[in-house]
Each structure stands twice: as C-alpha cells, then as structure tokens.
$ cat upload09.txt   # compact mmCIF, C-alpha atoms
# COMPACT_ATOMS: atom_id res chain seq x y z
CA MET A 22 77.34 60.53 -126.33
CA ILE A 23 77.67 64.10 -125.05
CA ASP A 24 76.40 64.79 -121.53
CA ARG A 25 72.92 66.37 -121.56
CA SER A 26 74.06 69.66 -120.02
CA LEU A 27 76.89 69.94 -122.53
CA ARG A 28 74.56 69.06 -125.37
CA ASN A 29 72.46 72.05 -124.45
CA ARG A 30 75.49 74.33 -124.06
CA TYR A 31 76.81 73.51 -127.53
CA SER A 32 73.47 72.93 -129.28
CA ARG A 33 73.84 75.83 -131.71
CA GLN A 34 77.26 74.52 -132.68
CA THR A 35 76.44 70.83 -133.03
CA ILE A 36 73.56 71.47 -135.44
CA PHE A 37 76.12 72.99 -137.79
CA PRO A 38 76.78 69.96 -140.04
CA HIS A 39 80.54 70.44 -140.35
CA ILE A 40 80.87 70.01 -136.56
CA GLY A 41 77.92 67.94 -135.38
CA GLU A 42 77.99 65.81 -132.23
CA ALA A 43 80.94 63.78 -133.47
CA GLY A 44 82.96 66.94 -134.02
CA GLN A 45 81.94 68.31 -130.63
CA ARG A 46 83.14 65.12 -128.94
CA ARG A 47 86.50 65.61 -130.65
CA LEU A 48 86.67 69.20 -129.43
CA LEU A 49 85.89 68.14 -125.87
CA ARG A 50 88.88 65.75 -125.98
CA SER A 51 91.24 68.24 -127.66
CA CYS A 52 94.11 70.36 -126.40
CA ALA A 53 94.97 73.78 -127.87
CA VAL A 54 97.93 75.92 -126.84
CA ILE A 55 97.75 79.69 -127.32
CA ILE A 56 101.11 81.46 -127.19
CA GLY A 57 100.67 85.14 -126.45
CA CYS A 58 97.59 86.63 -124.80
CA GLY A 59 97.46 90.09 -126.29
CA ALA A 60 94.71 91.19 -128.64
CA LEU A 61 94.89 88.11 -130.87
CA GLY A 62 95.30 85.65 -128.01
CA CYS A 63 92.37 87.13 -126.08
CA ASN A 64 90.01 86.75 -129.02
CA ILE A 65 91.25 83.24 -129.86
CA ALA A 66 91.01 82.02 -126.26
CA ASN A 67 87.54 83.49 -125.76
CA LEU A 68 86.17 81.71 -128.84
CA LEU A 69 87.84 78.34 -128.24
CA VAL A 70 86.78 78.22 -124.59
CA ARG A 71 83.19 79.00 -125.53
CA ALA A 72 83.34 76.41 -128.33
CA GLY A 73 84.24 73.71 -125.82
CA VAL A 74 87.82 72.80 -126.66
CA GLY A 75 88.49 70.55 -123.68
CA LYS A 76 91.91 71.79 -122.61
CA ILE A 77 93.36 75.21 -123.38
CA ARG A 78 96.78 76.39 -122.26
CA ILE A 79 97.40 80.13 -122.45
CA ILE A 80 101.04 81.22 -122.22
CA ASP A 81 102.06 84.86 -121.93
CA ARG A 82 105.08 86.62 -120.48
CA ASP A 83 103.64 90.06 -119.76
CA PHE A 84 101.29 91.96 -117.44
CA ILE A 85 98.36 94.23 -118.30
CA GLU A 86 98.62 97.95 -118.98
CA TYR A 87 95.90 100.53 -119.63
CA HIS A 88 96.68 100.82 -123.34
CA ASN A 89 95.92 97.08 -123.68
CA LEU A 90 92.26 97.62 -122.79
CA GLN A 91 91.51 99.21 -126.18
CA ARG A 92 91.71 95.79 -127.87
CA GLN A 93 92.50 93.00 -125.38
CA VAL A 94 88.96 91.92 -124.59
CA LEU A 95 89.57 89.60 -121.62
CA PHE A 96 90.94 92.31 -119.31
CA ASN A 97 89.56 95.21 -117.31
CA GLU A 98 90.78 98.01 -115.06
CA SER A 99 90.56 95.91 -111.89
CA ASP A 100 93.08 93.44 -113.38
CA ILE A 101 95.57 96.27 -113.76
CA LYS A 102 95.02 97.53 -110.22
CA ALA A 103 95.60 93.99 -108.94
CA GLY A 104 98.86 93.73 -110.90
CA LEU A 105 97.79 90.56 -112.71
CA PRO A 106 99.80 88.96 -115.50
CA LYS A 107 97.82 88.49 -118.70
CA ALA A 108 97.74 84.69 -118.52
CA VAL A 109 96.37 84.75 -114.96
CA ALA A 110 93.69 87.35 -115.70
CA ALA A 111 92.65 85.55 -118.89
CA LYS A 112 92.20 82.27 -117.03
CA ARG A 113 90.05 83.96 -114.36
CA HIS A 114 87.73 85.60 -116.85
CA LEU A 115 87.43 82.55 -119.11
CA ARG A 116 86.55 80.19 -116.26
CA ARG A 117 83.46 82.33 -115.68
CA ALA A 118 82.47 81.79 -119.31
CA ASN A 119 82.92 78.01 -119.33
CA SER A 120 83.72 76.10 -116.16
CA THR A 121 83.68 72.76 -118.01
CA VAL A 122 86.87 73.50 -119.94
CA LYS A 123 90.28 72.94 -118.36
CA ILE A 124 92.09 76.27 -118.69
CA GLU A 125 95.73 76.74 -117.80
CA GLY A 126 97.24 80.21 -117.51
CA ILE A 127 101.03 80.07 -117.57
CA VAL A 128 103.17 83.16 -117.03
CA ALA A 129 106.28 82.41 -119.05
CA ASP A 130 108.40 83.44 -121.98
CA VAL A 131 108.29 80.74 -124.65
CA ASN A 132 111.84 80.04 -125.79
CA SER A 133 114.04 77.18 -126.94
CA SER A 134 114.64 76.03 -123.36
CA ASN A 135 110.98 75.43 -122.49
CA ILE A 136 108.82 75.14 -125.63
CA GLU A 137 108.92 71.34 -125.66
CA LYS A 138 107.68 71.19 -122.07
CA LEU A 139 104.99 73.81 -122.63
CA CYS A 140 103.62 72.44 -125.91
CA HIS A 141 104.26 68.70 -125.75
CA ASP A 142 100.57 67.72 -125.67
CA ALA A 143 99.23 70.33 -128.09
CA GLU A 144 97.04 69.21 -130.97
CA VAL A 145 97.12 72.71 -132.42
CA ILE A 146 99.21 75.77 -131.52
CA LEU A 147 97.89 79.28 -132.06
CA ASP A 148 100.03 82.36 -132.45
CA GLY A 149 99.03 85.46 -130.49
CA LEU A 150 102.50 86.97 -130.61
CA ASP A 151 104.13 90.18 -131.78
CA ASN A 152 107.62 88.97 -132.69
CA PHE A 153 109.09 86.94 -135.54
CA GLU A 154 111.79 85.05 -133.66
CA THR A 155 109.32 83.22 -131.40
CA ARG A 156 107.16 82.41 -134.42
CA LEU A 157 110.16 80.83 -136.12
CA LEU A 158 110.77 78.86 -132.92
CA ILE A 159 107.15 77.65 -132.92
CA ASN A 160 107.55 76.76 -136.59
CA ASP A 161 110.61 74.60 -135.83
CA PHE A 162 108.87 72.88 -132.93
CA ALA A 163 105.67 72.26 -134.89
CA LEU A 164 107.50 70.80 -137.88
CA LYS A 165 109.72 68.58 -135.72
CA TYR A 166 106.75 67.12 -133.80
CA LYS A 167 104.22 67.36 -136.66
CA ILE A 168 101.78 69.61 -134.79
CA PRO A 169 99.65 72.07 -136.82
CA TRP A 170 100.02 75.71 -135.90
CA ILE A 171 98.22 78.87 -136.95
CA TYR A 172 100.08 82.12 -137.53
CA GLY A 173 98.33 85.44 -137.02
CA GLY A 174 99.42 89.05 -137.14
CA ALA A 175 97.65 92.38 -136.65
CA ILE A 176 99.03 95.91 -137.00
CA ALA A 177 97.49 99.28 -137.86
CA ALA A 178 94.45 98.41 -140.05
CA ASN A 179 96.04 95.24 -141.46
CA GLY A 180 96.00 91.60 -140.49
CA MET A 181 97.00 88.22 -141.81
CA THR A 182 96.76 84.56 -140.90
CA MET A 183 98.18 81.32 -142.25
CA ASN A 184 97.92 77.65 -141.30
CA VAL A 185 101.06 75.55 -141.12
CA ILE A 186 100.27 71.85 -141.47
CA PRO A 187 103.60 69.96 -141.28
CA GLY A 188 104.34 68.05 -144.46
CA LYS A 189 101.26 69.41 -146.26
CA THR A 190 101.53 73.19 -146.50
CA ALA A 191 104.20 75.83 -146.72
CA CYS A 192 105.74 76.61 -143.35
CA PHE A 193 106.30 80.02 -141.81
CA ARG A 194 109.95 80.02 -142.87
CA CYS A 195 108.98 79.25 -146.47
CA VAL A 196 107.25 82.64 -146.48
CA HIS A 197 109.53 84.60 -144.14
CA THR A 198 113.08 83.64 -145.03
CA LEU A 199 114.67 86.44 -143.00
CA VAL A 200 114.04 87.79 -139.50
CA PRO A 201 113.43 91.54 -139.79
CA SER A 202 115.54 93.77 -137.55
CA ALA A 203 113.91 95.52 -134.60
CA GLU A 204 114.42 98.86 -136.35
CA ARG A 205 112.41 97.71 -139.39
CA THR A 206 109.62 95.98 -137.48
CA LEU A 207 106.35 97.90 -137.18
CA THR A 208 104.71 97.77 -133.76
CA CYS A 209 101.45 98.89 -132.20
CA GLU A 210 103.46 101.54 -130.42
CA THR A 211 104.84 103.05 -133.63
CA VAL A 212 101.90 102.76 -136.08
CA GLY A 213 98.93 101.96 -133.83
CA ILE A 214 96.18 99.39 -134.30
CA VAL A 215 92.46 99.40 -135.05
CA ASN A 216 90.85 97.10 -132.50
CA SER A 217 88.65 95.33 -135.06
CA VAL A 218 91.73 93.88 -136.81
CA PRO A 219 92.77 91.42 -134.07
CA ALA A 220 89.09 90.59 -133.51
CA ILE A 221 88.75 89.48 -137.15
CA ILE A 222 92.10 87.71 -137.40
CA GLY A 223 91.63 86.02 -134.03
CA ALA A 224 88.21 84.79 -135.14
CA LEU A 225 89.69 83.38 -138.35
CA GLN A 226 92.46 81.65 -136.38
CA ALA A 227 89.95 80.15 -133.95
CA THR A 228 87.82 78.91 -136.86
CA GLU A 229 90.80 77.23 -138.50
CA ALA A 230 91.67 75.61 -135.16
CA LEU A 231 88.16 74.17 -134.93
CA LYS A 232 88.47 72.78 -138.47
CA ILE A 233 91.80 71.16 -137.64
CA LEU A 234 90.55 69.68 -134.35
CA VAL A 235 87.36 68.19 -135.83
CA GLY A 236 89.29 66.86 -138.84
CA ASP A 237 87.60 68.92 -141.53
CA PRO A 238 89.60 68.93 -144.80
CA GLU A 239 88.44 72.43 -145.80
CA ILE A 240 91.25 74.29 -144.06
CA ASN A 241 92.94 77.40 -145.39
CA ARG A 242 96.13 76.47 -147.25
CA GLY A 243 97.23 79.98 -148.14
CA ILE A 244 97.58 83.39 -146.53
CA VAL A 245 94.56 85.54 -145.73
CA LEU A 246 95.23 89.30 -145.79
CA ILE A 247 92.85 92.01 -144.63
CA ASP A 248 92.77 95.79 -144.50
CA VAL A 249 89.72 96.83 -142.49
CA TRP A 250 90.07 100.53 -143.33
CA ARG A 251 90.05 99.98 -147.09
CA ASP A 252 87.67 96.99 -147.01
CA ILE A 253 90.18 94.58 -148.54
CA PHE A 254 90.05 90.82 -148.01
CA GLU A 255 92.51 88.73 -150.03
CA HIS A 256 93.58 85.11 -150.21
CA ILE A 257 97.06 84.36 -151.53
CA GLU A 258 98.24 80.90 -152.47
CA VAL A 259 101.65 79.90 -151.13
CA ASN A 260 103.85 76.93 -151.94
CA ARG A 261 106.53 75.17 -149.98
CA LEU A 262 109.95 76.65 -150.60
CA GLN A 263 112.43 74.23 -152.08
CA GLY A 264 115.45 74.20 -149.81
CA CYS A 265 113.60 75.59 -146.79
CA PRO A 266 115.81 74.64 -143.79
CA ALA A 267 112.89 73.99 -141.43
CA CYS A 268 110.97 71.84 -143.93
CA ASN A 269 114.17 69.84 -144.42
CA GLY A 270 114.67 69.15 -140.73
CA LYS A 271 117.13 71.91 -139.79
CA TYR A 272 115.63 73.49 -136.67
CA GLU A 273 117.97 76.41 -136.08
CA PHE A 274 115.69 78.32 -133.69
CA LEU A 275 114.71 75.26 -131.65
CA ASP A 276 118.34 74.18 -131.32
CA ASN A 277 119.54 77.66 -130.32
CA LYS A 278 120.10 77.19 -126.58
CA PHE A 279 121.23 80.07 -124.39
CA ASP A 280 122.15 81.10 -120.84
CA LEU A 281 121.20 84.79 -120.75
CA LYS A 282 118.99 86.35 -123.38
CA THR A 283 117.63 89.86 -123.90
CA ALA A 284 114.83 90.96 -126.20
CA SER A 285 113.15 94.30 -126.88
CA LEU A 286 109.40 94.34 -126.28
CA CYS A 287 106.57 96.38 -127.76
CA GLY A 288 104.63 98.37 -125.19
CA GLN A 289 103.50 101.76 -123.95
CA SER A 290 107.05 102.35 -122.73
CA ARG A 291 109.70 100.49 -124.67
CA ALA A 292 111.18 97.69 -122.63
CA VAL A 293 113.71 94.89 -122.62
CA GLN A 294 113.09 91.42 -121.25
CA VAL A 295 115.97 89.54 -119.63
CA VAL A 296 115.79 85.74 -119.39
CA ASN A 297 118.40 83.84 -117.38
CA THR A 298 118.00 80.07 -117.80
CA ALA A 299 120.32 79.48 -114.82
CA VAL A 300 117.60 80.89 -112.55
CA LYS A 301 114.76 78.41 -112.09
CA ARG A 302 112.74 80.00 -109.30
CA VAL A 303 112.89 83.26 -107.38
CA SER A 304 111.43 84.10 -103.98
CA LEU A 305 109.92 87.50 -104.74
CA THR A 306 109.57 88.23 -101.02
CA LYS A 307 113.27 87.60 -100.36
CA LEU A 308 114.25 89.60 -103.43
CA ALA A 309 112.12 92.56 -102.31
CA ALA A 310 113.87 92.51 -98.95
CA GLN A 311 117.24 92.91 -100.71
CA LEU A 312 116.25 96.09 -102.54
CA GLN A 313 118.01 98.98 -100.80
CA LYS A 314 117.64 101.77 -103.36
CA ALA A 315 114.26 101.02 -104.89
CA ASP A 316 111.06 103.07 -104.91
CA ASN A 317 107.38 102.25 -105.47
CA ILE A 318 107.76 98.58 -104.55
CA PHE A 319 104.70 96.48 -105.44
CA LEU A 320 104.54 92.79 -104.60
CA ASN A 321 102.01 90.01 -105.10
CA LYS A 322 102.41 86.29 -105.73
CA TYR A 323 102.70 86.83 -109.48
CA LEU A 324 105.28 89.61 -109.72
CA LEU A 325 107.55 92.12 -107.98
CA ARG A 326 107.64 95.65 -109.40
CA PHE A 327 109.91 98.52 -108.37
CA ASP A 328 111.52 101.69 -109.71
CA ALA A 329 115.24 102.43 -109.67
CA ASP A 330 117.55 104.73 -111.67
CA GLU A 331 114.55 106.05 -113.64
CA TYR A 332 113.71 102.53 -114.84
CA GLN A 333 110.83 100.26 -113.88
CA PHE A 334 111.62 96.61 -113.10
CA THR A 335 109.10 93.77 -113.11
CA VAL A 336 110.38 90.43 -111.81
CA PHE A 337 108.47 87.16 -112.22
CA PRO A 338 108.82 83.99 -110.11
CA ASP A 339 110.55 82.19 -113.00
CA GLY A 340 113.37 84.76 -112.79
CA ARG A 341 112.45 86.76 -115.88
CA VAL A 342 112.77 90.51 -115.64
CA ILE A 343 111.15 93.19 -117.78
CA ILE A 344 112.96 96.53 -117.61
CA ARG A 345 110.94 99.46 -118.91
CA ASN A 346 112.04 102.85 -120.23
CA THR A 347 114.90 101.45 -122.31
CA ILE A 348 115.40 99.60 -125.58
CA ASP A 349 119.15 99.30 -125.08
CA GLU A 350 119.78 95.62 -124.46
CA THR A 351 123.36 96.21 -123.26
CA GLN A 352 122.08 98.73 -120.72
CA ALA A 353 119.36 96.27 -119.67
CA ARG A 354 121.96 93.60 -118.94
CA LYS A 355 123.89 96.03 -116.74
CA LEU A 356 120.73 97.00 -114.87
CA TYR A 357 119.83 93.32 -114.44
CA ASP A 358 123.26 92.60 -112.91
CA LYS A 359 123.08 95.65 -110.65
CA TYR A 360 119.61 95.13 -109.20
CA ILE A 361 118.73 91.47 -109.77
CA GLY A 362 121.89 89.43 -110.26
CA HIS A 363 123.67 90.74 -107.15
CA SER A 364 120.53 90.40 -105.02
CA LEU A 365 119.97 86.80 -106.11
CA ALA A 366 123.60 86.02 -105.28
CA LYS A 367 123.10 87.41 -101.77
CA ILE A 368 119.97 85.31 -101.31
CA GLU A 369 121.83 82.15 -102.36
CA LYS A 370 124.58 82.85 -99.83
CA GLY A 371 121.92 83.23 -97.16

$ encode --input "upload09.txt" --output "structure tokens"
Amino acid sequence: MIDRSLRNRYSRQTIFPHIGEAGQRRLLRSCAVIIGCGALGCNIANLLVRAGVGKIRIIDRDFIEYHNLQRQVLFNESDIKAGLPKAVAAKRHLRRANSTVKIEGIVADVNSSNIEKLCHDAEVILDGLDNFETRLLINDFALKYKIPWIYGGAIAANGMTMNVIPGKTACFRCVHTLVPSAERTLTCETVGIVNSVPAIIGALQATEALKILVGDPEINRGIVLIDVWRDIFEHIEVNRLQGCPACNGKYEFLDNKFDLKTASLCGQSRAVQVVNTAVKRVSLTKLAAQLQKADNIFLNKYLLRFDADEYQFTVFPDGRVIIRNTIDETQARKLYDKYIGHSLAKIEKG
C-alpha cells in the first residue's frame, strides 16, 4: 500500500488506469538517470520528480548562464549570481517541489571512464544532451547492460525523440550511423531555439519513461518528429539495422578510453572542455592561490572561475576545465597546460 500522504500527493495520477496504485508503487521504487540538465533535462527532471519516481540522478557538466533562462525552467537569476552548476541548482529547486524523492545532482562530464559508475543502477536513462558522441556512448552502455534509454533533441523549431529498448527496438546507432562533424552540427548558438520545443520533447520523454517504469507495453517504437512553427507532428517507423556494430555487441564508444580529452561546447561564447582522467580531485582553494596572472577570480565550493589571456577558465573539483572564447581544441590544450597543468604540478610538489 502507498502511504496516505503519498496517496494524496499522487491521487490525480493513480486514478489514471494505465498507472494506478500498482504503477505508482513501481515508480516510487524506480531509479531514473538524466544526463544533461539543459532545456530538455530541466523539463524531464521536473516532470519525473513531480510524478514520484523514487530516485533521480541528474548529471550535468556545465554552469548556468543568462541565455539559458529563456528555456531552462529550473533556473533563475540568483543561481547565476551564486555561480551554481546546473546539476546543483536543479537539485535545490526540485527538492522544494517534492521532498519525498531522492534527488542527486552530480557535476560531471559523462564519458567512457565514468558512465558505468554513474549509471549502474539506472532503470531508464534519459538524454538531455546536445552532442552525438555522448549519445553514442550512452547507446553502447545501455545495450551492453540492457537498460532502456530515451533519446531527445531540440533545435530551432524542431524536436525529436526515440526510445531505445535493448534487443527490442532499433538503437541510436541504427539510425545515426555516422557522427556529424562539429562544423556540420547545428547548435542553439547558430540557429536558435524556440523554448516550447524542449518543453514538448521533454514532456514526451518523461511520459515514455513513466511507461517503461510502470511496465506498460504501449511505448513508442519509432521516432517522433515535431516542428512547432509549422504545426507538424510525425511518427516514423524505424527498424534495427542489420550489421549495426552496437546491436551486435561492438561497443566502440564505451571501450574508447582516454587520458586527456577535449571537446567543443555549445554556449553563448564558444568553449572547449578539457578532461584529464589522471586528475581525480582538485583543491580549488589551493589552485586559486597558484594563479599569478589571473583576473576576476571567483571561487565557491563548486567551481573556480578566472580570466587570463582574454579567455575565461572554469575549473571544477573533478579537474575538468571549460575554457571560453575559443573553439580551437589545440589552443585549449596549450592554455590548460599553461594555467592548470603547471599549477597542479606545483600543488603536488607542495
């Protein structure tokens, strides 16, 4: 039986016959992992927390900027002034909506070195990302461990979503056989976004997650496409691709281990993220003390931000660095060595 207070909280949901009390009990015992807490992730997390999914882990690598507020519904101006990462701010706001749900906000970049640790207990994984490579990584992980995951994308006035149920549906790689180059990839920065698109796609993703978690067979097995400006809503059937490497157990993105990795990010100012797997933990206070030629230093327990050589650096406790005002990954590596690598070496030497 559901506790009386929870029965009242979810009463409008449990009278819906496809969920009912039995379905609500399943939701209360379930674990969903949301990777990416931008516009899609915010909408997904908001709905799943309010629906009573018992444990929700939100993973995001970035912090909040003013241009995010147009569509990322869990954040406000005070979060920006406080210098909060998205995952931290999302957790704070969601706990006010439903204190009975266990919410984890993890500030991290999901990659091949940590995805198994971050998603090991997931019963469904939801995509709130803006890059193909991480989606292909999620696809590998989900297929290997037979965990359903839900792809979503939103750009300009268009959106799409697709369920990947290992062994039963086409996978993401069946549909996207090639990773598009950064030059060919549309971003919110280059073509914009209508804020209703991620709201609709996020709602569809959350609904599919509820279906999966309660065990309803009426899940979407194709791709849903929308264009909110032209009032188009389409459903396209997709089939598993014969010879798909991921479906046949070849997990190229999951098996691709690395030491130092750079990746261009979409944002108000173009940026490059640098991930060094050799660095496990950084004392932001000690690192700040090493900065001799930095301006506008900002420090809290979540991040260290400073300006140098006309670039803005944001360092996280896990050692990741986001360098803004460049999309040149070679240049970003040089800047990382100059301002972060040498400072960390000095700290190690004491």

$ residues_around --input "upload09.txt" --residues "region 297-303 of chain A" --least-positions-apart "6" --cutoff "10 Å" --atoms "only C-alpha atoms" --output "list in words"
Ser134, Asn135, Lys278, Phe279, Asp280, Leu281, Lys282, Thr283, Val336, Phe337, Pro338, Asp339, Gly340, Arg341, Val342, Gly362, Leu365 and Ile368 of chain A

$ closest_residue --input "upload09.txt" --among "A:Leu231, A:Leu105, A:Leu225, A:Ile244" --to "Thr190 (chain A)" --atoms "all atoms listed in the file"
A:Ile244

$ atom_distance --input "upload09.txt" --atom1 "CA of Ile176 (chain A)" --atom2 "CA of Tyr332 (chain A)"
27.4 Å

$ residues_around --input "upload09.txt" --residues "Gln313 (chain A)" --least-positions-apart "5" --cutoff "12 Å" --atoms "only C-alpha atoms" --output "PyMOL selection string"
chain A and resi 308+318+327-329+359-361+363-364

$ axis_aligned_box --input "upload09.txt" --around "region 57-67 of chain A" --padding-each-side "6 Å" --output "AutoDock Vina command-line options"
--center_x 94.1 --center_y 86.6 --center_z -127.8 --size_x 25.1 --size_y 21.2 --size_z 18.1

$ atom_distance --input "upload09.txt" --atom1 "CA of Ala227 (chain A)" --atom2 "CA of Ala191 (chain A)"
19.6 Å

$ residues_around --input "upload09.txt" --residues "Arg82 (chain A)" --least-positions-apart "5" --cutoff "10 Å" --atoms "only C-alpha atoms" --output "MDAnalysis selection string"
chainID A and resid 56:58 106:108 127:131 294 337 341:343

$ residues_around --input "upload09.txt" --residues "Thr155 (chain A)" --least-positions-apart "2" --cutoff "9 Å" --atoms "all atoms listed in the file" --output "PyMOL selection string"
chain A and resi 131-133+150-153+157-160+274

$ write_last_selection --input "upload09.txt" --atoms "C-alpha atoms" --output "mmCIF file, in the coordinates of the input"
data_model
loop_
_atom_site.group_PDB
_atom_site.id
_atom_site.type_symbol
_atom_site.label_atom_id
_atom_site.label_comp_id
_atom_site.auth_asym_id
_atom_site.auth_seq_id
_atom_site.Cartn_x
_atom_site.Cartn_y
_atom_site.Cartn_z
ATOM 1 C CA VAL A 131 108.290 80.740 -124.650
ATOM 2 C CA ASN A 132 111.840 80.040 -125.790
ATOM 3 C CA SER A 133 114.040 77.180 -126.940
ATOM 4 C CA LEU A 150 102.500 86.970 -130.610
ATOM 5 C CA ASP A 151 104.130 90.180 -131.780
ATOM 6 C CA ASN A 152 107.620 88.970 -132.690
ATOM 7 C CA PHE A 153 109.090 86.940 -135.540
ATOM 8 C CA LEU A 157 110.160 80.830 -136.120
ATOM 9 C CA LEU A 158 110.770 78.860 -132.920
ATOM 10 C CA ILE A 159 107.150 77.650 -132.920
ATOM 11 C CA ASN A 160 107.550 76.760 -136.590
ATOM 12 C CA PHE A 274 115.690 78.320 -133.690
#

$ atom_distance --input "upload09.txt" --atom1 "CA of Thr211 (chain A)" --atom2 "CA of Ile253 (chain A)"
22.6 Å

$ residues_near_point --input "upload09.txt" --point "(102.7, 83.4, -135.4)" --cutoff "7 Å" --atoms "all atoms listed in the file" --output "ChimeraX atom specification"
/A:148-150,156,171-174

$ residues_near_point --input "upload09.txt" --point "(73.9, 63.7, -126.6)" --cutoff "10 Å" --atoms "all atoms listed in the file" --output "list in words"
Met22, Ile23, Asp24, Arg25, Ser26, Leu27, Arg28, Asn29, Ser32, Thr35, Glu42, Ala43 and Arg46 of chain A

$ residues_around --input "upload09.txt" --residues "Ala143 (chain A)" --least-positions-apart "4" --cutoff "12 Å" --atoms "only C-alpha atoms" --output "PyMOL selection string"
chain A and resi 50-56+74-79+136-139+147+159+162-163+166-170+230+234

$ closest_residue --input "upload09.txt" --among "A:His88, A:Arg71, A:Lys165, A:Arg117" --to "Asn269 (chain A)" --atoms "all atoms listed in the file"
A:Lys165

$ closest_residue --input "upload09.txt" --among "A:Pro38, A:Gly59, A:Gly44, A:Gly270" --to "Gly188 (chain A)" --atoms "only C-alpha atoms"
A:Gly270

$ closest_residue --input "upload09.txt" --among "A:Val109, A:Leu69, A:Ile101, A:Val249" --to "Asn89 (chain A)" --atoms "only C-alpha atoms"
A:Ile101

$ closest_residue --input "upload09.txt" --among "A:Ser99, A:Lys232, A:Arg92, A:Glu86" --to "Glu144 (chain A)" --atoms "all atoms listed in the file"
A:Lys232

$ closest_residue --input "upload09.txt" --among "A:His197, A:Asp237, A:Lys370, A:Asn97" --to "Leu262 (chain A)" --atoms "all atoms listed in the file"
A:His197
